[in-house]
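Text of structure_37.pdb, listed as PDB, C-alpha atoms (C1' of nucleotides):
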ATOM      1  CA  MET A   1       3.414  -0.167 -33.735
ATOM      2  CA  GLU A   2      -0.346  -0.094 -33.392
ATOM      3  CA  THR A   3      -2.173   2.924 -32.029
ATOM      4  CA  GLY A   4      -5.721   3.923 -31.238
ATOM      5  CA  VAL A   5      -8.052   5.845 -28.996
ATOM      6  CA  ILE A   6     -10.674   4.392 -26.692
ATOM      7  CA  ASP A   7     -13.725   6.620 -26.482
ATOM      8  CA  LEU A   8     -14.274   7.194 -22.781
ATOM      9  CA  ALA A   9     -17.792   8.447 -23.390
ATOM     10  CA  GLU A  10     -18.770   4.837 -23.999
ATOM     11  CA  LEU A  11     -17.862   3.814 -20.465
ATOM     12  CA  ASP A  12     -20.361   3.523 -17.657
ATOM     13  CA  GLY A  13     -19.160   6.243 -15.343
ATOM     14  CA  ASP A  14     -16.085   8.452 -15.177
ATOM     15  CA  PHE A  15     -12.492   7.528 -15.809
ATOM     16  CA  ASP A  16      -9.242   9.029 -14.528
ATOM     17  CA  LEU A  17      -5.959   7.444 -15.541
ATOM     18  CA  GLN A  18      -3.588   9.212 -13.155
ATOM     19  CA  SER A  19      -5.492   8.479  -9.963
ATOM     20  CA  THR A  20      -6.092   4.906 -11.112
ATOM     21  CA  LEU A  21      -2.388   4.275 -11.635
ATOM     22  CA  GLU A  22      -0.846   6.479  -8.931
ATOM     23  CA  SER A  23      -3.036   5.706  -5.935
ATOM     24  CA  GLY A  24      -1.020   2.853  -4.477
ATOM     25  CA  GLN A  25      -3.004   0.106  -6.184
ATOM     26  CA  SER A  26      -0.435  -0.856  -8.788
ATOM     27  CA  TYR A  27       3.349  -0.759  -8.918
ATOM     28  CA  LEU A  28       3.553  -2.343 -12.356
ATOM     29  CA  TRP A  29       3.099   0.775 -14.492
ATOM     30  CA  GLY A  30       5.569   3.588 -15.073
ATOM     31  CA  ARG A  31       5.466   7.119 -16.438
ATOM     32  CA  LEU A  32       7.577   7.949 -19.469
ATOM     33  CA  ASP A  33       8.386  11.321 -17.917
ATOM     34  CA  GLY A  34       9.861   9.513 -14.921
ATOM     35  CA  GLN A  35       7.503  11.193 -12.446
ATOM     36  CA  MET A  36       5.702   8.038 -11.294
ATOM     37  CA  TYR A  37       4.716   8.252  -7.625
ATOM     38  CA  ASP A  38       6.674  11.466  -7.443
ATOM     39  CA  ARG A  39       6.757  12.836  -3.924
ATOM     40  CA  ASP A  40       5.162  16.056  -5.059
ATOM     41  CA  GLY A  41       2.366  14.203  -6.811
ATOM     42  CA  ALA A  42       3.468  15.695 -10.122
ATOM     43  CA  PHE A  43       0.588  16.411 -12.446
ATOM     44  CA  GLY A  44       0.119  13.494 -14.817
ATOM     45  CA  GLY A  45      -3.196  14.428 -16.380
ATOM     46  CA  ASP A  46      -1.777  13.977 -19.869
ATOM     47  CA  ALA A  47       1.337  11.919 -19.112
ATOM     48  CA  TRP A  48       2.105   8.702 -20.961
ATOM     49  CA  TYR A  49       1.982   5.639 -18.752
ATOM     50  CA  GLN A  50       3.440   2.302 -19.780
ATOM     51  CA  THR A  51       3.517  -1.295 -18.654
ATOM     52  CA  VAL A  52       4.773  -4.578 -20.057
ATOM     53  CA  VAL A  53       2.250  -7.319 -19.431
ATOM     54  CA  PRO A  54       2.635 -11.071 -19.616
ATOM     55  CA  PRO A  55      -0.022 -13.117 -21.453
ATOM     56  CA  LEU A  56      -3.362 -12.517 -19.722
ATOM     57  CA  ASP A  57      -5.871 -15.324 -19.326
ATOM     58  CA  GLY A  58      -8.667 -14.944 -21.819
ATOM     59  CA  VAL A  59      -7.341 -11.597 -23.055
ATOM     60  CA  SER A  60      -3.981 -11.867 -24.789
ATOM     61  CA  ASP A  61      -1.669 -14.732 -25.780
ATOM     62  CA  GLU A  62       1.686 -12.970 -25.707
ATOM     63  CA  SER A  63       3.647 -10.387 -23.772
ATOM     64  CA  ALA A  64       2.783  -6.851 -24.769
ATOM     65  CA  VAL A  65       4.095  -3.350 -24.277
ATOM     66  CA  VAL A  66       1.162  -1.060 -23.604
ATOM     67  CA  ARG A  67       1.383   2.709 -23.498
ATOM     68  CA  ALA A  68      -1.553   4.962 -22.642
ATOM     69  CA  ARG A  69      -2.434   8.545 -21.868
ATOM     70  CA  GLN A  70      -5.654  10.376 -21.216
ATOM     71  CA  VAL A  71      -6.670  13.058 -23.696
ATOM     72  CA  ASP A  72      -9.953  14.883 -23.656
ATOM     73  CA  GLY A  73     -12.681  12.322 -23.864
ATOM     74  CA  GLY A  74     -10.362   9.521 -24.859
ATOM     75  CA  LEU A  75      -7.711   7.059 -23.787
ATOM     76  CA  GLU A  76      -4.955   7.212 -26.395
ATOM     77  CA  TRP A  77      -2.775   4.115 -26.681
ATOM     78  CA  ALA A  78       0.221   2.647 -28.492
ATOM     79  CA  SER A  79       1.391  -0.947 -28.382
ATOM     80  CA  ASN A  80       3.047  -3.765 -30.282
ATOM     81  CA  THR A  81      -0.388  -5.381 -30.476
ATOM     82  CA  ASP A  82      -4.069  -4.476 -30.187
ATOM     83  CA  ALA A  83      -4.125  -2.929 -26.725
ATOM     84  CA  VAL A  84      -7.863  -2.376 -26.485
ATOM     85  CA  PRO A  85      -8.804  -5.671 -24.793
ATOM     86  CA  ILE A  86      -5.684  -5.461 -22.607
ATOM     87  CA  LEU A  87      -6.520  -1.958 -21.392
ATOM     88  CA  ARG A  88     -10.140  -2.904 -20.832
ATOM     89  CA  SER A  89      -8.905  -5.649 -18.552
ATOM     90  CA  LEU A  90      -6.021  -3.878 -16.773
ATOM     91  CA  LEU A  91      -8.023  -0.713 -16.063
ATOM     92  CA  ARG A  92     -11.406  -2.386 -15.519
ATOM     93  CA  LEU A  93     -13.014  -0.212 -18.177
ATOM     94  CA  ASP A  94     -16.054  -2.492 -18.177
ATOM     95  CA  ASP A  95     -16.923  -1.713 -14.566
ATOM     96  CA  ASP A  96     -20.089   0.312 -14.206
ATOM     97  CA  LEU A  97     -18.591   2.997 -11.994
ATOM     98  CA  ASP A  98     -21.909   4.844 -11.744
ATOM     99  CA  ALA A  99     -23.447   1.731 -10.219
ATOM    100  CA  VAL A 100     -20.442   1.276  -7.926
ATOM    101  CA  VAL A 101     -20.717   4.843  -6.641
ATOM    102  CA  GLU A 102     -24.422   4.321  -6.125
ATOM    103  CA  ALA A 103     -23.663   1.277  -3.989
ATOM    104  CA  MET A 104     -21.107   3.053  -1.805
ATOM    105  CA  PRO A 105     -22.370   4.212   1.602
ATOM    106  CA  ASP A 106     -23.959   7.654   1.528
ATOM    107  CA  GLU A 107     -21.860   9.632   3.981
ATOM    108  CA  PRO A 108     -19.518  12.653   4.012
ATOM    109  CA  LEU A 109     -16.119  10.899   4.169
ATOM    110  CA  VAL A 110     -16.920   8.689   1.200
ATOM    111  CA  ALA A 111     -18.476  11.511  -0.787
ATOM    112  CA  ARG A 112     -15.445  13.737  -0.236
ATOM    113  CA  ALA A 113     -13.114  10.900  -1.209
ATOM    114  CA  TYR A 114     -14.959  10.299  -4.473
ATOM    115  CA  GLU A 115     -15.157  13.985  -5.309
ATOM    116  CA  ALA A 116     -11.405  14.284  -4.782
ATOM    117  CA  TYR A 117     -10.653  11.665  -7.444
ATOM    118  CA  PRO A 118     -13.715  11.065  -9.605
ATOM    119  CA  GLY A 119     -13.176   8.359 -12.181
ATOM    120  CA  MET A 120     -10.524   6.439 -10.283
ATOM    121  CA  ARG A 121     -10.960   2.755 -11.003
ATOM    122  CA  ILE A 122      -9.630  -0.385  -9.377
ATOM    123  CA  VAL A 123      -6.811  -1.961 -11.394
ATOM    124  CA  ARG A 124      -6.598  -5.572 -12.510
ATOM    125  CA  ASP A 125      -2.884  -6.343 -12.257
ATOM    126  CA  PRO A 126      -1.314  -9.584 -13.524
ATOM    127  CA  PRO A 127      -1.387 -11.921 -10.484
ATOM    128  CA  PHE A 128       2.298 -12.694  -9.961
ATOM    129  CA  GLY A 129       3.487  -9.090 -10.220
ATOM    130  CA  CYS A 130       0.690  -8.008  -7.934
ATOM    131  CA  LEU A 131       1.609 -10.661  -5.370
ATOM    132  CA  VAL A 132       5.312  -9.823  -5.304
ATOM    133  CA  SER A 133       4.859  -6.062  -5.312
ATOM    134  CA  PHE A 134       2.553  -6.234  -2.308
ATOM    135  CA  ILE A 135       4.910  -8.570  -0.463
ATOM    136  CA  CYS A 136       7.405  -5.743  -0.937
ATOM    137  CA  SER A 137       4.915  -3.210   0.430
ATOM    138  CA  ALA A 138       5.297  -4.223   4.088
ATOM    139  CA  GLN A 139       6.284  -1.192   6.200
ATOM    140  CA  MET A 140       7.286   0.719   3.091
ATOM    141  CA  ARG A 141       6.394   4.018   1.482
ATOM    142  CA  VAL A 142       4.440   3.940  -1.759
ATOM    143  CA  SER A 143       7.142   5.650  -3.826
ATOM    144  CA  ARG A 144       9.748   3.201  -2.556
ATOM    145  CA  ILE A 145       7.620   0.151  -3.281
ATOM    146  CA  PHE A 146       7.585   1.358  -6.874
ATOM    147  CA  ASP A 147      11.376   1.832  -6.858
ATOM    148  CA  MET A 148      11.838  -1.756  -5.663
ATOM    149  CA  GLN A 149       9.746  -3.092  -8.543
ATOM    150  CA  GLU A 150      11.829  -1.061 -10.997
ATOM    151  CA  ARG A 151      14.985  -2.637  -9.618
ATOM    152  CA  LEU A 152      13.455  -6.120  -9.843
ATOM    153  CA  ARG A 153      12.518  -5.519 -13.485
ATOM    154  CA  GLU A 154      15.932  -4.138 -14.288
ATOM    155  CA  ALA A 155      17.739  -7.068 -12.680
ATOM    156  CA  TYR A 156      15.526  -9.987 -13.691
ATOM    157  CA  GLY A 157      13.033  -8.827 -16.325
ATOM    158  CA  GLU A 158      13.047 -10.018 -19.916
ATOM    159  CA  LYS A 159      14.096  -7.292 -22.349
ATOM    160  CA  VAL A 160      11.446  -6.049 -24.772
ATOM    161  CA  GLU A 161      12.106  -3.742 -27.706
ATOM    162  CA  PHE A 162       9.471  -1.148 -28.481
ATOM    163  CA  ASP A 163       9.509   2.193 -30.284
ATOM    164  CA  GLY A 164      13.298   2.106 -30.553
ATOM    165  CA  GLU A 165      13.849   1.581 -26.835
ATOM    166  CA  THR A 166      14.490  -1.402 -24.602
ATOM    167  CA  TYR A 167      12.086  -2.000 -21.737
ATOM    168  CA  ARG A 168      11.827  -4.777 -19.193
ATOM    169  CA  ALA A 169       8.935  -7.065 -18.393
ATOM    170  CA  TYR A 170       8.202  -7.923 -14.770
ATOM    171  CA  PRO A 171      10.330 -10.933 -13.747
ATOM    172  CA  THR A 172       8.801 -14.351 -14.192
ATOM    173  CA  PRO A 173       8.424 -16.635 -11.152
ATOM    174  CA  GLU A 174      11.086 -18.931 -12.631
ATOM    175  CA  ARG A 175      13.637 -16.181 -13.020
ATOM    176  CA  LEU A 176      12.939 -14.678  -9.607
ATOM    177  CA  ALA A 177      13.141 -18.092  -7.943
ATOM    178  CA  GLU A 178      16.734 -18.346  -9.163
ATOM    179  CA  ALA A 179      17.750 -15.216  -7.275
ATOM    180  CA  THR A 180      19.298 -15.669  -3.850
ATOM    181  CA  GLU A 181      18.205 -13.869  -0.728
ATOM    182  CA  ASP A 182      21.435 -11.867  -0.849
ATOM    183  CA  ASP A 183      20.805 -10.924  -4.474
ATOM    184  CA  LEU A 184      17.452  -9.491  -3.502
ATOM    185  CA  ARG A 185      18.832  -7.754  -0.428
ATOM    186  CA  ASP A 186      21.288  -6.061  -2.776
ATOM    187  CA  LEU A 187      18.231  -4.667  -4.566
ATOM    188  CA  ARG A 188      17.287  -3.126  -1.214
ATOM    189  CA  LEU A 189      14.297  -5.318  -0.496
ATOM    190  CA  GLY A 190      15.479  -5.676   3.095
ATOM    191  CA  TYR A 191      13.780  -8.381   5.147
ATOM    192  CA  ARG A 192      11.294  -8.917   2.312
ATOM    193  CA  ALA A 193      14.045 -10.530   0.221
ATOM    194  CA  PRO A 194      13.584 -14.118   1.495
ATOM    195  CA  TYR A 195       9.790 -13.717   1.311
ATOM    196  CA  VAL A 196       9.972 -12.818  -2.371
ATOM    197  CA  GLN A 197      12.484 -15.539  -3.163
ATOM    198  CA  ARG A 198      10.535 -18.301  -1.438
ATOM    199  CA  THR A 199       7.185 -17.180  -2.820
ATOM    200  CA  ALA A 200       8.649 -17.097  -6.345
ATOM    201  CA  GLU A 201       9.894 -20.626  -5.762
ATOM    202  CA  MET A 202       6.439 -21.789  -4.690
ATOM    203  CA  VAL A 203       4.876 -20.326  -7.822
ATOM    204  CA  ALA A 204       7.617 -21.571 -10.142
ATOM    205  CA  SER A 205       7.342 -25.115  -8.794
ATOM    206  CA  GLY A 206       3.583 -25.086  -9.127
ATOM    207  CA  GLU A 207       3.089 -25.672  -5.417
ATOM    208  CA  ALA A 208       0.642 -22.763  -5.472
ATOM    209  CA  THR A 209      -0.205 -19.873  -7.763
ATOM    210  CA  PRO A 210      -1.915 -16.593  -6.956
ATOM    211  CA  ALA A 211      -4.480 -17.129  -9.705
ATOM    212  CA  GLY A 212      -5.308 -20.411  -7.990
ATOM    213  CA  ALA A 213      -7.370 -18.449  -5.502
ATOM    214  CA  ARG A 214      -9.863 -17.569  -8.227
ATOM    215  CA  GLY A 215     -13.230 -19.199  -7.798
ATOM    216  CA  LEU A 216     -12.912 -19.776  -4.062
ATOM    217  CA  ASP A 217     -15.240 -18.062  -1.628
ATOM    218  CA  TYR A 218     -13.752 -14.766  -0.492
ATOM    219  CA  GLU A 219     -12.407 -15.806   2.918
ATOM    220  CA  GLU A 220     -11.172 -19.143   1.570
ATOM    221  CA  ALA A 221      -9.350 -17.302  -1.193
ATOM    222  CA  ARG A 222      -7.736 -15.015   1.376
ATOM    223  CA  ASP A 223      -6.616 -17.991   3.476
ATOM    224  CA  TYR A 224      -5.242 -19.682   0.377
ATOM    225  CA  LEU A 225      -3.075 -16.676  -0.506
ATOM    226  CA  THR A 226      -1.607 -16.526   2.990
ATOM    227  CA  THR A 227       0.169 -19.809   2.296
ATOM    228  CA  PHE A 228       2.711 -17.736   0.341
ATOM    229  CA  VAL A 229       5.670 -16.567   2.379
ATOM    230  CA  GLY A 230       5.412 -12.928   3.369
ATOM    231  CA  VAL A 231       1.688 -12.856   2.726
ATOM    232  CA  GLY A 232      -0.614 -12.175   5.658
ATOM    233  CA  ASP A 233      -4.270 -11.163   5.587
ATOM    234  CA  LYS A 234      -3.579  -7.598   4.455
ATOM    235  CA  VAL A 235      -1.391  -8.458   1.470
ATOM    236  CA  ALA A 236      -3.779 -11.264   0.549
ATOM    237  CA  ASP A 237      -6.620  -8.738   0.456
ATOM    238  CA  CYS A 238      -4.579  -6.497  -1.832
ATOM    239  CA  VAL A 239      -4.040  -9.330  -4.309
ATOM    240  CA  LEU A 240      -7.709 -10.289  -4.180
ATOM    241  CA  LEU A 241      -8.795  -6.698  -4.824
ATOM    242  CA  PHE A 242      -6.158  -5.457  -7.266
ATOM    243  CA  SER A 243      -5.740  -8.609  -9.322
ATOM    244  CA  LEU A 244      -8.316 -11.321  -8.754
ATOM    245  CA  ASP A 245     -11.671  -9.493  -9.047
ATOM    246  CA  TYR A 246     -12.719  -9.707  -5.405
ATOM    247  CA  LEU A 247     -14.175  -6.198  -5.195
ATOM    248  CA  GLU A 248     -15.422  -6.925  -1.676
ATOM    249  CA  ALA A 249     -11.851  -7.231  -0.341
ATOM    250  CA  VAL A 250     -10.856  -4.411   2.035
ATOM    251  CA  PRO A 251      -7.146  -4.435   2.901
ATOM    252  CA  LEU A 252      -6.882  -3.405   6.563
ATOM    253  CA  ASP A 253      -3.800  -1.191   6.484
ATOM    254  CA  THR A 254      -2.670   1.695   8.650
ATOM    255  CA  TRP A 255      -4.787   4.231   6.751
ATOM    256  CA  ILE A 256      -7.968   2.229   6.986
ATOM    257  CA  HIS A 257      -7.311   1.616  10.672
ATOM    258  CA  THR A 258      -7.167   5.386  11.056
ATOM    259  CA  ALA A 259     -10.477   5.709   9.241
ATOM    260  CA  ILE A 260     -11.983   2.962  11.410
ATOM    261  CA  ASP A 261     -10.818   4.692  14.595
ATOM    262  CA  GLU A 262     -12.249   8.021  13.511
ATOM    263  CA  TYR A 263     -15.323   7.164  11.511
ATOM    264  CA  TYR A 264     -16.280   3.522  12.089
ATOM    265  CA  PRO A 265     -15.163   2.655  15.654
ATOM    266  CA  GLU A 266     -17.965   0.106  15.980
ATOM    267  CA  CYS A 267     -16.288  -1.910  13.192
ATOM    268  CA  ASP A 268     -13.134  -2.512  15.229
ATOM    269  CA  ARG A 269     -13.622  -6.060  16.474
ATOM    270  CA  GLY A 270     -10.080  -6.588  17.754
ATOM    271  CA  ASN A 271      -8.951  -9.055  15.108
ATOM    272  CA  TYR A 272      -8.544  -9.030  11.340
ATOM    273  CA  ARG A 273     -11.239 -11.532  10.390
ATOM    274  CA  GLU A 274     -14.071  -9.967  12.346
ATOM    275  CA  THR A 275     -13.060  -6.367  11.706
ATOM    276  CA  SER A 276     -12.885  -7.243   8.023
ATOM    277  CA  ARG A 277     -16.409  -8.633   8.086
ATOM    278  CA  ALA A 278     -17.739  -5.543   9.830
ATOM    279  CA  ILE A 279     -15.996  -2.970   7.632
ATOM    280  CA  ARG A 280     -16.896  -4.798   4.414
ATOM    281  CA  GLU A 281     -20.516  -4.673   5.445
ATOM    282  CA  ARG A 282     -20.127  -1.009   6.346
ATOM    283  CA  LEU A 283     -18.385   0.035   3.101
ATOM    284  CA  GLY A 284     -20.806  -1.460   0.639
ATOM    285  CA  GLY A 285     -20.551  -5.242   0.732
ATOM    286  CA  ASP A 286     -19.597  -6.617  -2.658
ATOM    287  CA  ILE A 287     -18.016  -3.333  -3.795
ATOM    288  CA  ALA A 288     -16.484  -2.409  -0.415
ATOM    289  CA  GLY A 289     -12.998  -2.581  -1.931
ATOM    290  CA  TYR A 290     -13.869   0.305  -4.244
ATOM    291  CA  THR A 291     -14.948   2.420  -1.277
ATOM    292  CA  GLN A 292     -11.778   1.479   0.589
ATOM    293  CA  THR A 293      -9.595   2.505  -2.333
ATOM    294  CA  TYR A 294     -11.184   5.953  -2.537
ATOM    295  CA  VAL A 295     -10.872   6.471   1.200
ATOM    296  CA  PHE A 296      -7.284   5.194   1.244
ATOM    297  CA  HIS A 297      -6.150   7.503  -1.556
ATOM    298  CA  TYR A 298      -8.022  10.472  -0.131
ATOM    299  CA  LEU A 299      -6.532  10.084   3.344
ATOM    300  CA  ARG A 300      -3.058   9.298   2.084
ATOM    301  CA  SER A 301      -2.994  12.318  -0.213
ATOM    302  CA  GLY A 302      -3.749  14.651   2.653
ATOM    303  CA  GLY A 303      -7.527  14.887   2.768
ATOM    304  CA  GLU A 304      -9.418  14.321   5.991
TER     305      GLU A 304
ATOM    306  C1'  DT B   1      26.054  16.847  10.988
ATOM    307  C1'  DA B   2      24.075  13.297  13.942
ATOM    308  C1'  DT B   3      20.148  10.847  15.660
ATOM    309  C1'  DC B   4      15.592   9.311  15.471
ATOM    310  C1'  DC B   5      11.316   7.834  13.448
ATOM    311  C1'  DA B   6       7.976   5.514  10.733
ATOM    312  C1'  DA B   7       6.540   3.596   6.354
ATOM    313  C1'  DG B   8      -0.090   0.000   2.657
ATOM    314  C1'  DG B   9       3.036  -6.000   7.785
ATOM    315  C1'  DT B  10       4.574 -10.694   8.569
ATOM    316  C1'  DA B  11       6.664 -14.537  10.966
ATOM    317  C1'  DA B  12       8.077 -16.647  14.942
ATOM    318  C1'  DG B  13       8.166 -17.082  19.709
ATOM    319  C1'  DT B  14       5.536 -16.586  24.448
ATOM    320  C1'  DT B  15       1.875 -16.658  27.486
TER     321       DT B  15
ATOM    322  C1'  DA C   1      -6.010 -17.612  20.293
ATOM    323  C1'  DA C   2      -4.140 -13.267  21.840
ATOM    324  C1'  DC C   3       0.035 -10.678  22.571
ATOM    325  C1'  DT C   4       5.223  -9.345  21.739
ATOM    326  C1'  DT C   5       9.097  -8.626  19.237
ATOM    327  C1'  DA C   6      12.424  -8.460  15.502
ATOM    328  C1'  DC C   7      13.060  -7.180  11.006
ATOM    329  C1'  DC C   8      15.912  -3.977   6.219
ATOM    330  C1'  DT C   9      16.057   0.463   4.410
ATOM    331  C1'  DT C  10      15.851   5.372   3.952
ATOM    332  C1'  DG C  11      13.677  10.119   3.386
ATOM    333  C1'  DG C  12      12.382  13.556   6.311
ATOM    334  C1'  DA C  13      11.954  15.539  10.921
ATOM    335  C1'  DT C  14      14.238  17.031  14.970
ATOM    336  C1'  DA C  15      18.103  18.602  17.770
TER     337       DA C  15
END

Encoding of this model in structure tokens:
Amino acid sequence: METGVIDLAELDGDFDLQSTLESGQSYLWGRLDGQMYDRDGAFGGDAWYQTVVPPLDGVSDESAVVRARQVDGGLEWASNTDAVPILRSLLRLDDDLDAVVEAMPDEPLVARAYEAYPGMRIVRDPPFGCLVSFICSAQMRVSRIFDMQERLREAYGEKVEFDGETYRAYPTPERLAEATEDDLRDLRLGYRAPYVQRTAEMVASGEATPAGARGLDYEEARDYLTTFVGVGDKVADCVLLFSLDYLEAVPLDTWIHTAIDEYYPECDRGNYRETSRAIRERLGGDIAGYTQTYVFHYLRSGGE
DNA sequence: TATCCAAGGTAAGTT
DNA sequence: AACTTACCTTGGATA
């Protein structure tokens, strides 16, 4: 086991692990105390979080178990490999959050949202897990989306030994493609079951891959992702923002529609494409997704 | 205890 | 292209 501490004072801007991982951006991490996405929002300021990541392009060559917790001034970690480059990637530690905040629109709602969760960063999830978890997110509560991913890992994830325990990686496209719709319904995915199965099949066969959207212009990338079954504009925006580095992506979900109705009514253009263009412009252009994520978490956690 | 409702939407069918 | 409707499941609200 390798361990270390990343000095958070070296980052540009603040950092907060709990709000980054428990704000509905990622469903691929867990808490060792079992309180992940707890209904009461259990305090996790010093909790250990853990994920099992597949090889990451340009970052790591093999699967890795990564464990992390925030201690004063540092991000303490333990892993079966050097987790520093992995954590830098997964948690976007290289983002200049001061510059991002500077670029967010200067107005009360946004200021309150940032002050509620200073240091929250966008995640950079592995593409396939991000894609599948957000397919599962349709009409579903955040805590239950997480539960579904746990069941998928338990049923189809490769076992990984670490620190005397057995954990499970997120299922590979190949393994998930072998599941039947009924298998996945048994895991309580409901009507999302055939979406997940068919999308896994598309990825496993090479017909399309989520990472294949990289490099395309933003709206082209969004259109490309909607070729997956169960992926509309909203889920596509989530994958672009939380996995593929499109920080301008603003997923138009129920919470953001509420914010648009109340605070940005002039941005409601009646359809996704045009409303998206207007709200992206309004929320800071190329970092609009950061603004959205603060507003989403703030509204969802009871602020207004 | 029973019933109802809505949750980070999408696909398929109609007009 | 815009508008409707069905869709699994379940915790929490309401009666």

At a cut-off of 7 Å, which residues of chain A touch chain B? Count all atoms listed in the file and give the answer as JSON, numbers by chain. {"A": [137, 138, 139, 140, 141, 230, 231, 232, 253, 254]}

Within 9 Å of chain C, which residues belong to chain A? Use only C-alpha atoms (C1' of nucleotides) and report them as a ChimeraX atom specification. /A:140,185,188-192

Next, dump the selected residues to file, keeping only C-alpha atoms, as a short mmCIF file (atom, residue, chain, number, x, y, z; two decimals), in the coordinates of the input.
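Okay, result_15.cif is ready:
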data_model
loop_
_atom_site.label_atom_id
_atom_site.label_comp_id
_atom_site.auth_asym_id
_atom_site.auth_seq_id
_atom_site.Cartn_x
_atom_site.Cartn_y
_atom_site.Cartn_z
CA MET A 140 7.29 0.72 3.09
CA ARG A 185 18.83 -7.75 -0.43
CA ARG A 188 17.29 -3.13 -1.21
CA LEU A 189 14.30 -5.32 -0.50
CA GLY A 190 15.48 -5.68 3.10
CA TYR A 191 13.78 -8.38 5.15
CA ARG A 192 11.29 -8.92 2.31
#

From atom CA of Ser19 of chain A to atom CA of Arg151 of chain A the spacing works out at 23.3 Å

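Atom pair atom CA of Val100 of chain A / atom CA of Gly215 of chain A has a distance of 21.7 Å (rounded to one decimal).
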
Taking the file as shown, what set of residues would the PyMOL selection byres ((chain A and resi 87) around 12) give back, as a ChimeraX atom specification? /A:4-6,17,49-53,56,59-60,64-69,75-79,81-86,88-94,123-125

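With all atoms listed in the file as the atoms that count, the residue of A:Ser205, A:Thr166, A:Ser243, A:Ser276 with the shortest distance to Glu219 of chain A is A:Ser276.
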
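The shortest atom-to-atom distance to Ser301 of chain A, with all atoms listed in the file taken into account, belongs to A:Ala116 out of A:Ala111, A:Leu32, A:Ala116, A:Val101.
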
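You will find atom CA of Arg198 of chain A at 15.1 Å from atom CA of Leu152 of chain A.
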
On this structure, which residues satisfy the PyMOL selection byres ((chain A and resi 259-275) around 9), written as a ChimeraX atom specification? /A:109,219,233-234,252,254-258,276-280,282,295-296,299

Evaluate the PyMOL selection byres ((chain A and resi 9) around 12) here and jot the selected residues down as a PyMOL selection string. chain A and resi 5-8+10-15+72-75+93

Spatial neighbours of Ile287 of chain A, 12 Å, all atoms listed in the file, chain gap at least 5 places, as a count of residues only: 26
